[in-house]
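Below: the structure, in structure tokens.
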Amino acid sequence: MPTALITGITGQDGLYLAEFLLSKGYDVHGVIRGQNNPKRDLVRELLPDVRLHNGDLTDMSSLIRALRDSDPDEVYNLGAVSFVAYSWENAHITTDVTAKGVLTMLEAVRLHTGDEVGHIRFYQASSSEMFGKVQESPQHERTLLWPRSPYGVSKVFGHYMTINYRESYGMHASSGILFNHESPRRGPEFVTRKVSQAVARIKLGLQDELVLGNLDAHRDWGFAGDYVEAMWLMLQQDHGDDYVIATGETHSIRELVDVAFRRVGIDDWDRFVRQDDAFMRPAEVDHLVGDAAKAREVLGWKPRVGFVELVHMMVDSDLAEQQRLLGR
């Protein structure tokens, strides 16, 4: 039975990845920060077979203990301060966790494996936010990185550090440059879930308006459940490498809002939506769309869930949740 250790297991990707690996017969372990982490019970409820270890990406000794106690064949480093808007308000914390945390995890793995550096295969969650002020479209593995947020800058550091450990120490280390991937498990602070939750509440008469920033920003949105399979496929290859994971389609936030409202039978949604400069980014990333040709050719990966199906999935889930809260 192979063993995997996941940092960031309480997040959307961590939950889907753990479910996927359990279905593959893995012994799955997760690193969770804080004894009283409010998401600990969620993981135990959804994933009772996962063993949890207390750890923090800013504390190497805790990571070494987690590695010693789990003795994994694969490490998936998904932990990060991942909300882009928050990264401007807390650039230092974002850097400590999302940038330096990658170095701490890589070094912990290197020290744990000693002379058997190939004993553990390492996955780093890189991000399309690294492309930032895009220099070409679509973006691929060789596109120049030009991050436009503290989060994006931090992800670039972690991305290149992963490459450095692969080239310097011979580690089997891969980075997945994942474009936006969403699901009903996405946090409500992210625009996709903010939209799906608001649409459900407006439909049920629980909310009057949806306040957003730039409606014309474009993103390449896929389903998180599809994307975690790509993470696993990277670590099944003979050598570590970097891969863009994306659908190759781009949609605006305006399109997202339109599809979501139409799902609940509201075609004329302008009266419910208001733009506010408070939700505008200091430096916007306008047009992200990925070229996942390498992942298709090398990994045999392709997305299964399309944009409209994804939005419908999220709206339906939020409708069911809001109705449950109402006792209907």
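By order in the structure tokens, chains are A, B, ...; within a chain, residues start at 1; ligands start at 1, following the order shown.
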How would you write, as a count of residues only, the set of residues in stretch 86-192 of chain A that DSSP gives as alpha helix (DSSP H)? 44
Any idea what's packed within 8 Å of stretch 160-173 of chain A, counting only C-alpha atoms, ignoring anything in its chain fewer than 5 positions away? Could you give it as a PyMOL selection string? chain A and resi 102-103+106+117-118+120-124+235+239-241
Please save N, CA and C atoms of the selected residues as a tab-separated table (two decimals), in the first residue's frame.
chain	number	residue	atom	x	y	z
A	102	VAL	N	7.34	26.42	1.14
A	102	VAL	CA	7.75	25.42	0.15
A	102	VAL	C	9.19	24.99	0.40
A	103	LEU	N	10.05	25.97	0.63
A	103	LEU	CA	11.45	25.67	0.94
A	103	LEU	C	11.55	24.81	2.20
A	106	LEU	N	10.44	21.26	1.31
A	106	LEU	CA	11.46	20.60	0.47
A	106	LEU	C	12.66	20.19	1.31
A	117	VAL	N	17.40	10.00	-1.73
A	117	VAL	CA	16.61	11.17	-2.11
A	117	VAL	C	15.41	10.81	-2.98
A	118	GLY	N	15.50	9.71	-3.69
A	118	GLY	CA	14.40	9.29	-4.55
A	118	GLY	C	13.30	8.54	-3.84
A	120	ILE	N	11.09	9.63	-1.78
A	120	ILE	CA	9.84	10.38	-1.75
A	120	ILE	C	9.69	11.18	-3.05
A	121	ARG	N	8.50	11.11	-3.61
A	121	ARG	CA	8.17	11.94	-4.77
A	121	ARG	C	7.36	13.14	-4.28
A	122	PHE	N	7.72	14.32	-4.76
A	122	PHE	CA	7.21	15.57	-4.20
A	122	PHE	C	6.40	16.34	-5.25
A	123	TYR	N	5.23	16.82	-4.83
A	123	TYR	CA	4.39	17.65	-5.69
A	123	TYR	C	4.25	19.04	-5.08
A	124	GLN	N	4.48	20.07	-5.88
A	124	GLN	CA	4.28	21.45	-5.46
A	124	GLN	C	3.11	22.06	-6.23
A	235	LEU	N	3.26	12.40	-10.31
A	235	LEU	CA	4.16	11.64	-9.44
A	235	LEU	C	4.27	10.17	-9.85
A	239	HIS	N	10.28	10.70	-14.06
A	239	HIS	CA	11.06	11.86	-13.64
A	239	HIS	C	10.12	13.02	-13.31
A	240	GLY	N	10.54	13.85	-12.38
A	240	GLY	CA	9.77	15.04	-12.04
A	240	GLY	C	9.82	16.06	-13.16
A	241	ASP	N	8.78	16.88	-13.29
A	241	ASP	CA	8.72	17.89	-14.33
A	241	ASP	C	7.63	18.89	-13.96
Which residues are close to A:Arg185, i.e. within 10 Å by only C-alpha atoms, leaving aside same-chain residues fewer than 5 positions away? Reply as a ChimeraX atom specification. /A:11-13,15-16,193,224,314,317
Determine, counting only C-alpha atoms, which protein, DNA and RNA residues have an atom within 10 Å of an atom of A:Glu321; residues of the same chain fewer than 4 positions away are not included. Present the result as an MDAnalysis selection string. chainID A and resid 197 200:201 315:317 325:327
Using atom CA of A:Ser82 and atom CA of A:Ile202 as the two end points, give the distance in Å to one decimal. 27.4 Å
Computed interatomic separation between atom CA of A:Ala293 and atom CA of A:His159 (Å):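 Interatomic distance, atom CA of A:Ala293 to atom CA of A:His159: 19.7 Å.
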Distance query A:Arg65 at most 10 Å, only C-alpha atoms, self and fewer than 3 positions along chain excluded, as a PyMOL selection string: chain A and resi 53-55+60-62+68-71+108+112
Write out the residues from the selection above, keeping C-alpha atoms, as a short mmCIF file (atom, residue, chain, number, x, y, z; two decimals), in the first residue's frame.
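Below is the file result-v1.cif, written as the result:
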data_model
loop_
_atom_site.label_atom_id
_atom_site.label_comp_id
_atom_site.auth_asym_id
_atom_site.auth_seq_id
_atom_site.Cartn_x
_atom_site.Cartn_y
_atom_site.Cartn_z
CA HIS A 53 -0.56 15.11 12.02
CA ASN A 54 -0.09 18.49 13.65
CA GLY A 55 2.27 20.61 11.60
CA MET A 60 10.45 22.57 10.01
CA SER A 61 10.59 20.42 13.13
CA SER A 62 6.84 19.76 12.90
CA ARG A 68 8.84 10.47 10.33
CA ASP A 69 5.45 9.37 11.60
CA SER A 70 3.87 8.87 8.16
CA ASP A 71 6.95 7.68 6.18
CA ALA A 108 12.36 18.62 5.46
CA HIS A 112 14.17 12.92 6.00
#
Have a look at atom CA of A:Trp221 and atom CA of A:Pro184 and let me know their distance in Å, one decimal. 13.4 Å
As number ranges by chain, please: the residues near A:Leu52 (cut-off 8 Å, only C-alpha atoms, same-chain neighbours under 4 positions excluded). A: 29-32
Need the shell around stretch 300-304 of chain A: protein/DNA/RNA residues with any atom at most 6 Å away, counting only C-alpha atoms. Skip same-chain ones fewer than 4 positions apart. Format as a PyMOL selection string? chain A and resi 226+295-296
Include N, CA and C atoms and write out the residues we just selected as a PDB file, in the first residue's frame.
ATOM      1  N   ASP A 226     -11.222  17.063 -11.087  1.00  0.00           N
ATOM      2  CA  ASP A 226     -10.430  16.625 -12.243  1.00  0.00           C
ATOM      3  C   ASP A 226      -8.948  16.927 -12.046  1.00  0.00           C
ATOM      4  N   ALA A 295       0.484  18.119 -20.633  1.00  0.00           N
ATOM      5  CA  ALA A 295      -0.218  17.206 -19.723  1.00  0.00           C
ATOM      6  C   ALA A 295      -1.015  16.163 -20.495  1.00  0.00           C
ATOM      7  N   ARG A 296      -1.621  16.577 -21.605  1.00  0.00           N
ATOM      8  CA  ARG A 296      -2.377  15.623 -22.425  1.00  0.00           C
ATOM      9  C   ARG A 296      -1.440  14.571 -23.015  1.00  0.00           C
TER      10      ARG A 296
END
Counting only C-alpha atoms, the option among A:Ala125, A:Ile266, A:Leu210, A:Met313 closest to A:Asp242: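 That would be A:Ala125, the residue with the smallest distance to A:Asp242.
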Taking the DSSP assignment computed from this structure's backbone, write out as number ranges by chain all residues of stretch 107-314 of chain A that belong to strand (DSSP E). A: 121-127, 172-178, 181-182, 210-212, 218-219, 222-223, 242-245, 251-252, 273-275
Using only C-alpha atoms, find the one residue out of A:Arg262, A:His287, A:Lys294, A:His218 that sits nearest to A:Phe131. A:His287
So which one's closest to A:Leu288, A:Pro147, A:Gly205, A:Gly158, A:Pro38? Using only C-alpha atoms, please.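 The answer is A:Pro147, which sits nearest to A:Leu288.
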